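Trainee: The following block contains the structure, expressed as structure tokens.
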Amino acid sequence: MSRNYLNKQVLRENALVYDDYYQSGIIDGWEEHDKVYNFGHLFKIAKKAKMSLCNASVLDVGCGTGDIIPYLQKQGVKKYIGIDIYKPALRIAKKKYPQETFVLIDILDTTSSSSRTRRSRFTVPLKARLAFGGKSGMTTNKFDFVLSSGAISIKLKSLDNYEFLEAMVRKMWKMSRHGLAFNVLTDEDIAPAKHLFYYSIEKVRKLCKQIAPDAKIAIRRTPIHNRGYEDEAQIHVYMTKSSQLS
Ligand SMILES: C[S@@+](CC[C@H](N)C(=O)[O-])C[C@H]1O[C@@H](n2cnc3c(N)ncnc32)[C@H](O)[C@@H]1O
């Protein structure tokens, strides 16, 4: 089953986790070096698609405070949109990177009809709708690459995490022209945190294959090295059109 949007309860659960992180000074839930490490892994999608990020368009799903932007700029990315469901993150993002486009919206809710009806959890301003490519852009627009770091990591109480993962991957894949890269924590972790969800690598692989039977899928173990603590087990998943993966 695929979801069209996150219900209020899930949005609240997400906000509670990030409120805690922000209060303890861990903005976006990562330390700076973890962010940069993950961005580097996400960028490998371009090579796997036998392309370059130079002049590409990128949708950053769960952009948080937008710290991927300077690294994307270095790669020469032409068009960037960051989206997130957590308002405090976007407030900071807009201050830090005033030239960039950020949209307060649930990726699962990015359809032209749902984003404008009463059912939608978010009001999407005209400027943001235009950034998605005009009138029908939010349903039809594609980005060269869709990247997502850390957006599928909270352990949800009111929604099955695999159902959430499936809906996220389905939507992100649909919105990508050449490739999708995202990360999740895995159940190989030996010291799991209560508020995070740890996925089975095999289930993730199977689910991606089901969603995109024609895609080339590569999964790489990319553990987060915590100084003084056990490493966190993480993977990066790369999905490209079958003709493109190297
Ligand atoms: C761990 S933070 C990472 C932020 C940023 N990507 C980084 O690496 O610095 C993940 C972000 O994903 C957002 N998120 C979770 N589910 C989302 C969804 N369905 N649509 C958009 N954003 C989402 C959260 O609110 C959170 O800000």
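Scheme for the structure tokens: letters A, B, ... for chains in order shown; per-chain residue numbers from 1; ligand numbers from 1 in order shown.
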If DSSP is run on the backbone, what residues of stretch 8-188 of chain A are strand (DSSP E)? A reply as a PyMOL selection string would be ideal.
Mentor: chain A and resi 57-61+79-84+101-104+143-148+176-185
Trainee: Could you write out the selected residues, including C-alpha atoms, as a CSV table (one decimal), in the first residue's frame?
Mentor:
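Full text of part.csv as output:
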chain,number,residue,atom,x,y,z
A,57,SER,CA,18.6,19.8,-10.9
A,58,VAL,CA,18.3,18.3,-7.4
A,59,LEU,CA,15.4,17.7,-5.1
A,60,ASP,CA,16.7,17.4,-1.5
A,61,VAL,CA,14.0,15.5,0.5
A,79,LYS,CA,18.7,24.0,-9.7
A,80,TYR,CA,18.0,23.1,-6.1
A,81,ILE,CA,14.8,22.7,-4.1
A,82,GLY,CA,14.9,21.6,-0.5
A,83,ILE,CA,11.7,20.3,1.2
A,84,ASP,CA,11.0,19.4,4.8
A,101,THR,CA,14.2,27.6,-2.5
A,102,PHE,CA,12.8,25.7,0.5
A,103,VAL,CA,9.3,24.3,0.7
A,104,LEU,CA,7.5,23.2,3.9
A,143,PHE,CA,14.5,16.4,-11.0
A,144,ASP,CA,17.7,14.9,-12.4
A,145,PHE,CA,18.5,13.6,-9.0
A,146,VAL,CA,16.6,13.1,-5.8
A,147,LEU,CA,18.8,13.0,-2.7
A,148,SER,CA,17.7,12.2,0.8
A,176,SER,CA,13.8,11.5,-10.3
A,177,ARG,CA,14.9,11.6,-13.9
A,178,HIS,CA,18.2,9.8,-13.6
A,179,GLY,CA,18.7,8.6,-10.1
A,180,LEU,CA,17.8,8.5,-6.5
A,181,ALA,CA,20.1,8.2,-3.5
A,182,PHE,CA,19.1,7.8,0.2
A,183,ASN,CA,20.3,6.4,3.4
A,184,VAL,CA,18.8,4.4,6.2
A,185,LEU,CA,20.1,2.8,9.4
Trainee: Just the residues within 10 Å of A:Asn14, please, counting only C-alpha atoms, with nothing from its chain fewer than 2 positions along; format it as a list in words.
Mentor: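 Near A:Asn14, the qualifying residues are Lys8, Gln9, Val10, Leu11, Arg12, Leu16, Val17, Tyr18, Asp19, Ile85, Tyr86, Ala151, Ser153, Ile154, Lys155 and Leu156 of chain A.
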Trainee: What's the 8 Å shell around stretch 21-31 of chain A, counting only C-alpha atoms, without same-chain residues fewer than 4 positions away, as JSON, numbers by chain?
Mentor: {"A": [17, 35, 64, 65, 89]}
Trainee: If I take atom CA of A:Arg221 and atom CA of A:Met239, how far is one from the other in Å, to one decimal?
Mentor: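 Here the two named atoms are 14.9 Å from each other.
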Trainee: In Å, with one decimal, what is the gap from atom CA of A:Ile107 to atom 17 (C, counted along the ligand's line) of ligand 1?
Mentor: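 Separating atom CA of A:Ile107 from atom 17 (C, counted along the ligand's line) of ligand 1 is a distance of 6.4 Å.
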Trainee: Which distance in Å separates atom CA of A:Gly66 and atom CA of A:Leu53, to one decimal?
Mentor: 17.1 Å
Trainee: At a cut-off of 12 Å, using only C-alpha atoms, what residues contact A:Gly40? Leave out same-chain residues fewer than 3 positions from it and give the result as a ChimeraX atom specification.
Mentor: /A:33-37,43-47,68,71-72,74-75,147,149,181-183,222,236
Trainee: Please produce a file of those selected residues containing C-alpha atoms, as a PDB file, in the first residue's frame.
Mentor:
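The result, written out as part.pdb:
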ATOM      1  CA  HIS A  33      31.101  15.638  10.074  1.00  0.00           C
ATOM      2  CA  ASP A  34      28.305  13.029   9.697  1.00  0.00           C
ATOM      3  CA  LYS A  35      26.391  15.352   7.396  1.00  0.00           C
ATOM      4  CA  VAL A  36      29.383  15.930   5.173  1.00  0.00           C
ATOM      5  CA  TYR A  37      30.252  12.222   5.130  1.00  0.00           C
ATOM      6  CA  PHE A  43      26.840  12.439  -4.583  1.00  0.00           C
ATOM      7  CA  LYS A  44      28.097   9.075  -5.857  1.00  0.00           C
ATOM      8  CA  ILE A  45      24.706   8.687  -7.536  1.00  0.00           C
ATOM      9  CA  ALA A  46      25.897  10.971 -10.364  1.00  0.00           C
ATOM     10  CA  LYS A  47      28.784   8.674 -11.259  1.00  0.00           C
ATOM     11  CA  ILE A  68      24.067  20.191   1.616  1.00  0.00           C
ATOM     12  CA  TYR A  71      28.591  21.086  -1.375  1.00  0.00           C
ATOM     13  CA  LEU A  72      26.092  20.949  -4.230  1.00  0.00           C
ATOM     14  CA  LYS A  74      30.802  23.145  -5.486  1.00  0.00           C
ATOM     15  CA  GLN A  75      29.583  20.408  -7.813  1.00  0.00           C
ATOM     16  CA  LEU A 147      18.754  12.971  -2.717  1.00  0.00           C
ATOM     17  CA  SER A 149      19.846  12.028   3.927  1.00  0.00           C
ATOM     18  CA  ALA A 181      20.114   8.151  -3.474  1.00  0.00           C
ATOM     19  CA  PHE A 182      19.060   7.849   0.152  1.00  0.00           C
ATOM     20  CA  ASN A 183      20.297   6.394   3.401  1.00  0.00           C
ATOM     21  CA  THR A 222      28.324   3.288   5.011  1.00  0.00           C
ATOM     22  CA  HIS A 236      23.261   4.159   1.143  1.00  0.00           C
TER      23      HIS A 236
END
Trainee: For A:Tyr229, please output as a short mmCIF file (atom, residue, chain, number, x, y, z; two decimals) with N, CA and C atoms, in the first residue's frame all residues within 12 Å (counting only C-alpha atoms; exclusion window: fewer than 4 positions along the same chain).
Mentor:
data_model
loop_
_atom_site.label_atom_id
_atom_site.label_comp_id
_atom_site.auth_asym_id
_atom_site.auth_seq_id
_atom_site.Cartn_x
_atom_site.Cartn_y
_atom_site.Cartn_z
N ASP A 189 23.10 -2.83 13.39
CA ASP A 189 23.59 -1.96 14.46
C ASP A 189 23.61 -2.70 15.79
N ILE A 190 24.70 -2.55 16.55
CA ILE A 190 24.76 -3.31 17.80
C ILE A 190 24.34 -2.49 19.02
N ALA A 191 24.10 -1.20 18.82
CA ALA A 191 23.62 -0.39 19.96
C ALA A 191 22.51 0.54 19.48
N PRO A 192 21.36 -0.05 19.08
CA PRO A 192 20.30 0.78 18.51
C PRO A 192 19.71 1.79 19.49
N ILE A 224 28.34 4.99 10.19
CA ILE A 224 28.72 6.30 10.72
C ILE A 224 29.69 6.06 11.86
N HIS A 225 30.88 6.63 11.76
CA HIS A 225 31.91 6.38 12.78
C HIS A 225 31.77 7.38 13.91
#
Trainee: Env of A:Val204: 10 Å cut, atoms = only C-alpha atoms, seq-sep filter 2 positions within chain, self excluded. Answer as number ranges by chain.
Mentor: A: 162, 165-166, 169, 184, 186, 199-202, 206-210, 219, 235, 237
Trainee: Would you mind exporting the chosen residues as a short mmCIF file (atom, residue, chain, number, x, y, z; two decimals), in the first residue's frame, restricted to C-alpha atoms?
Mentor:
data_model
loop_
_atom_site.label_atom_id
_atom_site.label_comp_id
_atom_site.auth_asym_id
_atom_site.auth_seq_id
_atom_site.Cartn_x
_atom_site.Cartn_y
_atom_site.Cartn_z
CA TYR A 162 8.38 -0.25 6.09
CA LEU A 165 9.90 3.61 3.51
CA GLU A 166 7.90 2.17 0.62
CA VAL A 169 11.01 5.45 -2.15
CA VAL A 184 18.77 4.36 6.23
CA THR A 186 20.22 -1.00 9.45
CA TYR A 199 15.92 -1.63 8.57
CA SER A 200 16.81 -5.06 7.25
CA ILE A 201 19.09 -4.63 4.24
CA GLU A 202 17.42 -7.51 2.42
CA LYS A 206 13.38 -6.31 -2.02
CA LEU A 207 11.17 -3.31 -1.54
CA CYS A 208 13.19 -1.13 -3.93
CA LYS A 209 13.13 -3.92 -6.51
CA GLN A 210 9.35 -4.23 -6.18
CA ILE A 219 23.40 -0.85 -1.73
CA ILE A 235 23.51 1.93 4.16
CA VAL A 237 20.88 3.00 -1.56
#
Trainee: From the set A:Thr110, A:Asn226, A:Gln73, A:Gln99, which residue has the shortest atom-to-atom contact distance to ligand 1, counting only C-alpha atoms and all ligand atoms?
Mentor: A:Thr110
Trainee: Could you please write out, as a PyMOL selection string, every residue of stretch 34-219 of chain A that DSSP assigns to alpha helix (DSSP H)?
Mentor: chain A and resi 34-48+69-75+87-96+126-131+137-140+161-174+201-211
